[in-house]
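For reference, the structure discussed in these notes is given below.
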Amino acid sequence: QSVTEFIVPGKQYNISACTKLVSVDDIRVMVKVSVKTTNKTDYYGGWSELSNSAHWTCHAVTISVDSEWPVIDANIYAETQGGSLDDFYIDDVSLMQL
């Protein structure tokens, strides 16, 4: 999802989300923000605790957008560990400037 209008270079943000795997256990899910500037694209985020299909796992990470270049595009998204294509649910996603 686009978060371009919310990202300001030099600011810190808290990203939080809850995840639950559909059918497998013990995979980590990462919630990331990709930030494209006039100079490059950076990726910020952090791995969750091990997720599983029995319950929701909630996690949070603080990121610092350390670019002095104007933000052209920014998106928040989630992915599983190691390029795995396991299905998962995600809920209660939040991005807050600190």
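Numbering starts fresh at 1 for the residues of each chain in the structure tokens, the chains themselves are lettered A, B, ... in the order given, and ligands are numbered from 1 as they appear.
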Which residues, written as a PyMOL selection string, have at least one atom at most 7 Å from Val61 (chain A), with only C-alpha atoms counted and residues fewer than 3 positions away on the same chain left out? chain A and resi 14-16+45-46
Can you list, as JSON, numbers by chain, every residue of chain A that DSSP puts in strand (DSSP E)? {"A": [12, 13, 14, 15, 16, 17, 18, 19, 20, 21, 29, 30, 31, 32, 33, 34, 35, 36, 37, 41, 42, 43, 44, 45, 46, 47, 57, 58, 59, 60, 61, 62, 63, 64, 71, 72, 73, 74, 75, 76, 77, 78, 79, 80, 88, 89, 90, 91, 92, 93, 94, 95, 96, 97]}
Taking only C-alpha atoms into account, produce a table as JSON lines in which each residue of region 25-91 of chain A with an atom at most 10 Å from an atom of region 4-8 of chain A appears once, together with its shortest atom pair and the distance in Å to one decimal, ordered by chain and rising number.
```
{"residue": "A:Val33", "atom": "CA", "partner": "A:Ile7", "partner_atom": "CA", "distance": 9.6}
{"residue": "A:Ser34", "atom": "CA", "partner": "A:Thr4", "partner_atom": "CA", "distance": 9.6}
{"residue": "A:Val35", "atom": "CA", "partner": "A:Thr4", "partner_atom": "CA", "distance": 8.0}
{"residue": "A:Lys36", "atom": "CA", "partner": "A:Thr4", "partner_atom": "CA", "distance": 9.1}
{"residue": "A:Ser64", "atom": "CA", "partner": "A:Val8", "partner_atom": "CA", "distance": 9.8}
{"residue": "A:Val65", "atom": "CA", "partner": "A:Val8", "partner_atom": "CA", "distance": 7.3}
{"residue": "A:Asp66", "atom": "CA", "partner": "A:Val8", "partner_atom": "CA", "distance": 9.4}
{"residue": "A:Ser67", "atom": "CA", "partner": "A:Val8", "partner_atom": "CA", "distance": 8.9}
{"residue": "A:Glu68", "atom": "CA", "partner": "A:Val8", "partner_atom": "CA", "distance": 9.4}
{"residue": "A:Trp69", "atom": "CA", "partner": "A:Val8", "partner_atom": "CA", "distance": 9.7}
{"residue": "A:Pro70", "atom": "CA", "partner": "A:Val8", "partner_atom": "CA", "distance": 8.2}
{"residue": "A:Val71", "atom": "CA", "partner": "A:Thr4", "partner_atom": "CA", "distance": 7.1}
{"residue": "A:Ile72", "atom": "CA", "partner": "A:Thr4", "partner_atom": "CA", "distance": 7.2}
{"residue": "A:Asp73", "atom": "CA", "partner": "A:Thr4", "partner_atom": "CA", "distance": 5.2}
{"residue": "A:Ala74", "atom": "CA", "partner": "A:Thr4", "partner_atom": "CA", "distance": 4.4}
{"residue": "A:Asn75", "atom": "CA", "partner": "A:Thr4", "partner_atom": "CA", "distance": 6.7}
{"residue": "A:Ile76", "atom": "CA", "partner": "A:Thr4", "partner_atom": "CA", "distance": 9.3}
```
Could you turn the residues from that selection into a file that holds N, CA, C and O atoms, as a PDB file, in the first residue's frame?
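To be explicit, this is the file written out as out-v7.pdb:
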```pdb
ATOM      1  N   VAL A  33       8.991  -1.074   4.548  1.00  0.00           N
ATOM      2  CA  VAL A  33       8.630   0.118   3.796  1.00  0.00           C
ATOM      3  C   VAL A  33       9.737   0.315   2.762  1.00  0.00           C
ATOM      4  O   VAL A  33      10.913   0.374   3.114  1.00  0.00           O
ATOM      5  N   SER A  34       9.346   0.368   1.493  1.00  0.00           N
ATOM      6  CA  SER A  34      10.310   0.705   0.445  1.00  0.00           C
ATOM      7  C   SER A  34      10.169   2.199   0.176  1.00  0.00           C
ATOM      8  O   SER A  34       9.059   2.707   0.051  1.00  0.00           O
ATOM      9  N   VAL A  35      11.308   2.882   0.145  1.00  0.00           N
ATOM     10  CA  VAL A  35      11.309   4.331  -0.050  1.00  0.00           C
ATOM     11  C   VAL A  35      12.180   4.652  -1.260  1.00  0.00           C
ATOM     12  O   VAL A  35      13.392   4.460  -1.220  1.00  0.00           O
ATOM     13  N   LYS A  36      11.542   5.125  -2.321  1.00  0.00           N
ATOM     14  CA  LYS A  36      12.252   5.516  -3.537  1.00  0.00           C
ATOM     15  C   LYS A  36      12.433   7.029  -3.524  1.00  0.00           C
ATOM     16  O   LYS A  36      11.464   7.777  -3.361  1.00  0.00           O
ATOM     17  N   SER A  64      14.331   4.473  10.755  1.00  0.00           N
ATOM     18  CA  SER A  64      14.727   5.852  10.487  1.00  0.00           C
ATOM     19  C   SER A  64      14.928   5.995   8.991  1.00  0.00           C
ATOM     20  O   SER A  64      15.741   5.286   8.407  1.00  0.00           O
ATOM     21  N   VAL A  65      14.182   6.878   8.376  1.00  0.00           N
ATOM     22  CA  VAL A  65      14.329   7.126   6.943  1.00  0.00           C
ATOM     23  C   VAL A  65      15.484   8.114   6.800  1.00  0.00           C
ATOM     24  O   VAL A  65      15.336   9.296   7.067  1.00  0.00           O
ATOM     25  N   ASP A  66      16.649   7.599   6.413  1.00  0.00           N
ATOM     26  CA  ASP A  66      17.889   8.365   6.480  1.00  0.00           C
ATOM     27  C   ASP A  66      18.336   8.968   5.148  1.00  0.00           C
ATOM     28  O   ASP A  66      19.502   9.022   4.836  1.00  0.00           O
ATOM     29  N   SER A  67      17.403   9.437   4.377  1.00  0.00           N
ATOM     30  CA  SER A  67      17.738  10.046   3.090  1.00  0.00           C
ATOM     31  C   SER A  67      17.562  11.552   3.153  1.00  0.00           C
ATOM     32  O   SER A  67      16.667  12.049   3.817  1.00  0.00           O
ATOM     33  N   GLU A  68      18.425  12.272   2.463  1.00  0.00           N
ATOM     34  CA  GLU A  68      18.216  13.712   2.341  1.00  0.00           C
ATOM     35  C   GLU A  68      17.542  14.076   1.020  1.00  0.00           C
ATOM     36  O   GLU A  68      17.281  15.222   0.735  1.00  0.00           O
ATOM     37  N   TRP A  69      17.233  13.058   0.223  1.00  0.00           N
ATOM     38  CA  TRP A  69      16.609  13.258  -1.082  1.00  0.00           C
ATOM     39  C   TRP A  69      15.089  13.249  -0.957  1.00  0.00           C
ATOM     40  O   TRP A  69      14.543  12.567  -0.101  1.00  0.00           O
ATOM     41  N   PRO A  70      14.390  13.966  -1.834  1.00  0.00           N
ATOM     42  CA  PRO A  70      12.927  13.953  -1.809  1.00  0.00           C
ATOM     43  C   PRO A  70      12.362  12.559  -2.088  1.00  0.00           C
ATOM     44  O   PRO A  70      12.895  11.820  -2.909  1.00  0.00           O
ATOM     45  N   VAL A  71      11.285  12.211  -1.399  1.00  0.00           N
ATOM     46  CA  VAL A  71      10.633  10.914  -1.581  1.00  0.00           C
ATOM     47  C   VAL A  71       9.730  10.974  -2.816  1.00  0.00           C
ATOM     48  O   VAL A  71       8.875  11.843  -2.921  1.00  0.00           O
ATOM     49  N   ILE A  72       9.947  10.031  -3.745  1.00  0.00           N
ATOM     50  CA  ILE A  72       9.137   9.935  -4.951  1.00  0.00           C
ATOM     51  C   ILE A  72       8.006   8.930  -4.747  1.00  0.00           C
ATOM     52  O   ILE A  72       6.881   9.145  -5.173  1.00  0.00           O
ATOM     53  N   ASP A  73       8.323   7.811  -4.081  1.00  0.00           N
ATOM     54  CA  ASP A  73       7.352   6.743  -3.887  1.00  0.00           C
ATOM     55  C   ASP A  73       7.726   5.962  -2.632  1.00  0.00           C
ATOM     56  O   ASP A  73       8.907   5.708  -2.387  1.00  0.00           O
ATOM     57  N   ALA A  74       6.733   5.597  -1.825  1.00  0.00           N
ATOM     58  CA  ALA A  74       6.960   4.778  -0.628  1.00  0.00           C
ATOM     59  C   ALA A  74       5.786   3.831  -0.465  1.00  0.00           C
ATOM     60  O   ALA A  74       4.630   4.226  -0.632  1.00  0.00           O
ATOM     61  N   ASN A  75       6.101   2.570  -0.168  1.00  0.00           N
ATOM     62  CA  ASN A  75       5.064   1.546  -0.020  1.00  0.00           C
ATOM     63  C   ASN A  75       5.362   0.671   1.183  1.00  0.00           C
ATOM     64  O   ASN A  75       6.514   0.345   1.457  1.00  0.00           O
ATOM     65  N   ILE A  76       4.297   0.283   1.887  1.00  0.00           N
ATOM     66  CA  ILE A  76       4.427  -0.663   2.990  1.00  0.00           C
ATOM     67  C   ILE A  76       3.925  -2.014   2.484  1.00  0.00           C
ATOM     68  O   ILE A  76       2.938  -2.091   1.759  1.00  0.00           O
TER      69      ILE A  76
END
```
Enter the distance from CA of Ser23 (chain A) to CA of His55 (chain A), in Å, rounded to one decimal.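 Computing it gives 11.4 Å between the two atoms.
Distance check against Tyr89 (chain A) using only C-alpha atoms: of A:Gln1, A:Lys11, A:Leu50, A:Trp56, the minimum falls on A:Trp56.
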So, counting only C-alpha atoms, which residue among A:Gln81, A:Ser2, A:Ser94, A:Gln12 is closest to Tyr44 (chain A)? A:Gln12
Selection: 6 Å around Val22 (chain A), only C-alpha atoms, excl. self and same-chain fewer than 4 positions, as an mmCIF file with all heavy atoms, in the first residue's frame:
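This is the output file around-v9.cif:
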```cif
data_model
loop_
_atom_site.group_PDB
_atom_site.id
_atom_site.type_symbol
_atom_site.label_atom_id
_atom_site.label_comp_id
_atom_site.auth_asym_id
_atom_site.auth_seq_id
_atom_site.Cartn_x
_atom_site.Cartn_y
_atom_site.Cartn_z
ATOM 1 N N SER A 53 0.444 -21.117 12.336
ATOM 2 C CA SER A 53 -0.959 -21.130 11.932
ATOM 3 C C SER A 53 -1.913 -21.264 13.118
ATOM 4 O O SER A 53 -3.119 -21.242 12.935
ATOM 5 C CB SER A 53 -1.208 -22.272 10.938
ATOM 6 O OG SER A 53 -0.874 -23.511 11.522
ATOM 7 N N ASP A 87 1.417 -18.685 2.255
ATOM 8 C CA ASP A 87 0.326 -17.740 2.446
ATOM 9 C C ASP A 87 0.238 -17.338 3.908
ATOM 10 O O ASP A 87 0.486 -18.149 4.804
ATOM 11 C CB ASP A 87 -1.005 -18.363 2.015
ATOM 12 C CG ASP A 87 -1.078 -18.596 0.515
ATOM 13 O OD1 ASP A 87 -0.431 -17.851 -0.240
ATOM 14 O OD2 ASP A 87 -1.789 -19.521 0.105
ATOM 15 N N PHE A 88 -0.121 -16.082 4.131
ATOM 16 C CA PHE A 88 -0.296 -15.614 5.499
ATOM 17 C C PHE A 88 -1.352 -14.530 5.526
ATOM 18 O O PHE A 88 -1.674 -13.904 4.520
ATOM 19 C CB PHE A 88 1.024 -15.087 6.084
ATOM 20 C CG PHE A 88 1.620 -13.928 5.337
ATOM 21 C CD1 PHE A 88 1.344 -12.627 5.713
ATOM 22 C CD2 PHE A 88 2.475 -14.139 4.263
ATOM 23 C CE1 PHE A 88 1.888 -11.559 5.033
ATOM 24 C CE2 PHE A 88 3.031 -13.077 3.577
ATOM 25 C CZ PHE A 88 2.739 -11.787 3.959
#
```
Write out as a short mmCIF file (atom, residue, chain, number, x, y, z; two decimals) with N, CA and C atoms, in the first residue's frame which residues come within 10 Å of Ile27 (chain A) when counting only C-alpha atoms, dropping same-chain ones fewer than 4 positions away.
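File written: out_18.cif
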```
data_model
loop_
_atom_site.label_atom_id
_atom_site.label_comp_id
_atom_site.auth_asym_id
_atom_site.auth_seq_id
_atom_site.Cartn_x
_atom_site.Cartn_y
_atom_site.Cartn_z
N LYS A 20 -0.41 -14.15 10.76
CA LYS A 20 -0.76 -15.55 11.06
C LYS A 20 -0.60 -16.33 9.77
N LEU A 21 0.11 -17.44 9.84
CA LEU A 21 0.31 -18.27 8.66
C LEU A 21 -0.94 -19.09 8.37
N TRP A 47 12.08 -8.33 10.98
CA TRP A 47 11.43 -9.64 11.04
C TRP A 47 10.58 -9.78 12.27
N SER A 48 9.47 -10.47 12.14
CA SER A 48 8.61 -10.78 13.27
C SER A 48 9.22 -11.92 14.07
N GLU A 49 8.61 -12.21 15.18
CA GLU A 49 8.89 -13.47 15.86
C GLU A 49 8.42 -14.57 14.92
N LEU A 50 8.76 -15.80 15.21
CA LEU A 50 8.28 -16.90 14.37
C LEU A 50 6.77 -16.90 14.36
N SER A 51 6.19 -16.92 13.17
CA SER A 51 4.74 -16.98 13.02
C SER A 51 4.32 -18.43 12.85
N ASN A 52 3.06 -18.71 13.13
CA ASN A 52 2.54 -20.05 12.91
C ASN A 52 1.06 -19.97 12.56
N SER A 53 0.44 -21.12 12.34
CA SER A 53 -0.96 -21.13 11.93
C SER A 53 -1.91 -21.26 13.12
N THR A 80 7.49 -13.13 3.40
CA THR A 80 7.93 -14.21 4.29
C THR A 80 9.42 -14.46 4.12
N GLN A 81 9.97 -15.14 5.10
CA GLN A 81 11.40 -15.40 5.20
C GLN A 81 11.93 -16.25 4.06
N GLY A 82 13.09 -15.91 3.58
CA GLY A 82 13.81 -16.75 2.64
C GLY A 82 13.16 -16.91 1.29
N SER A 84 10.18 -17.58 0.67
CA SER A 84 9.11 -18.57 0.73
C SER A 84 7.82 -17.96 0.19
N ASP A 86 4.80 -18.96 1.16
CA ASP A 86 3.73 -19.37 2.07
C ASP A 86 2.68 -18.27 2.21
N PHE A 88 -0.12 -16.08 4.13
CA PHE A 88 -0.30 -15.61 5.50
C PHE A 88 -1.35 -14.53 5.53
#
```
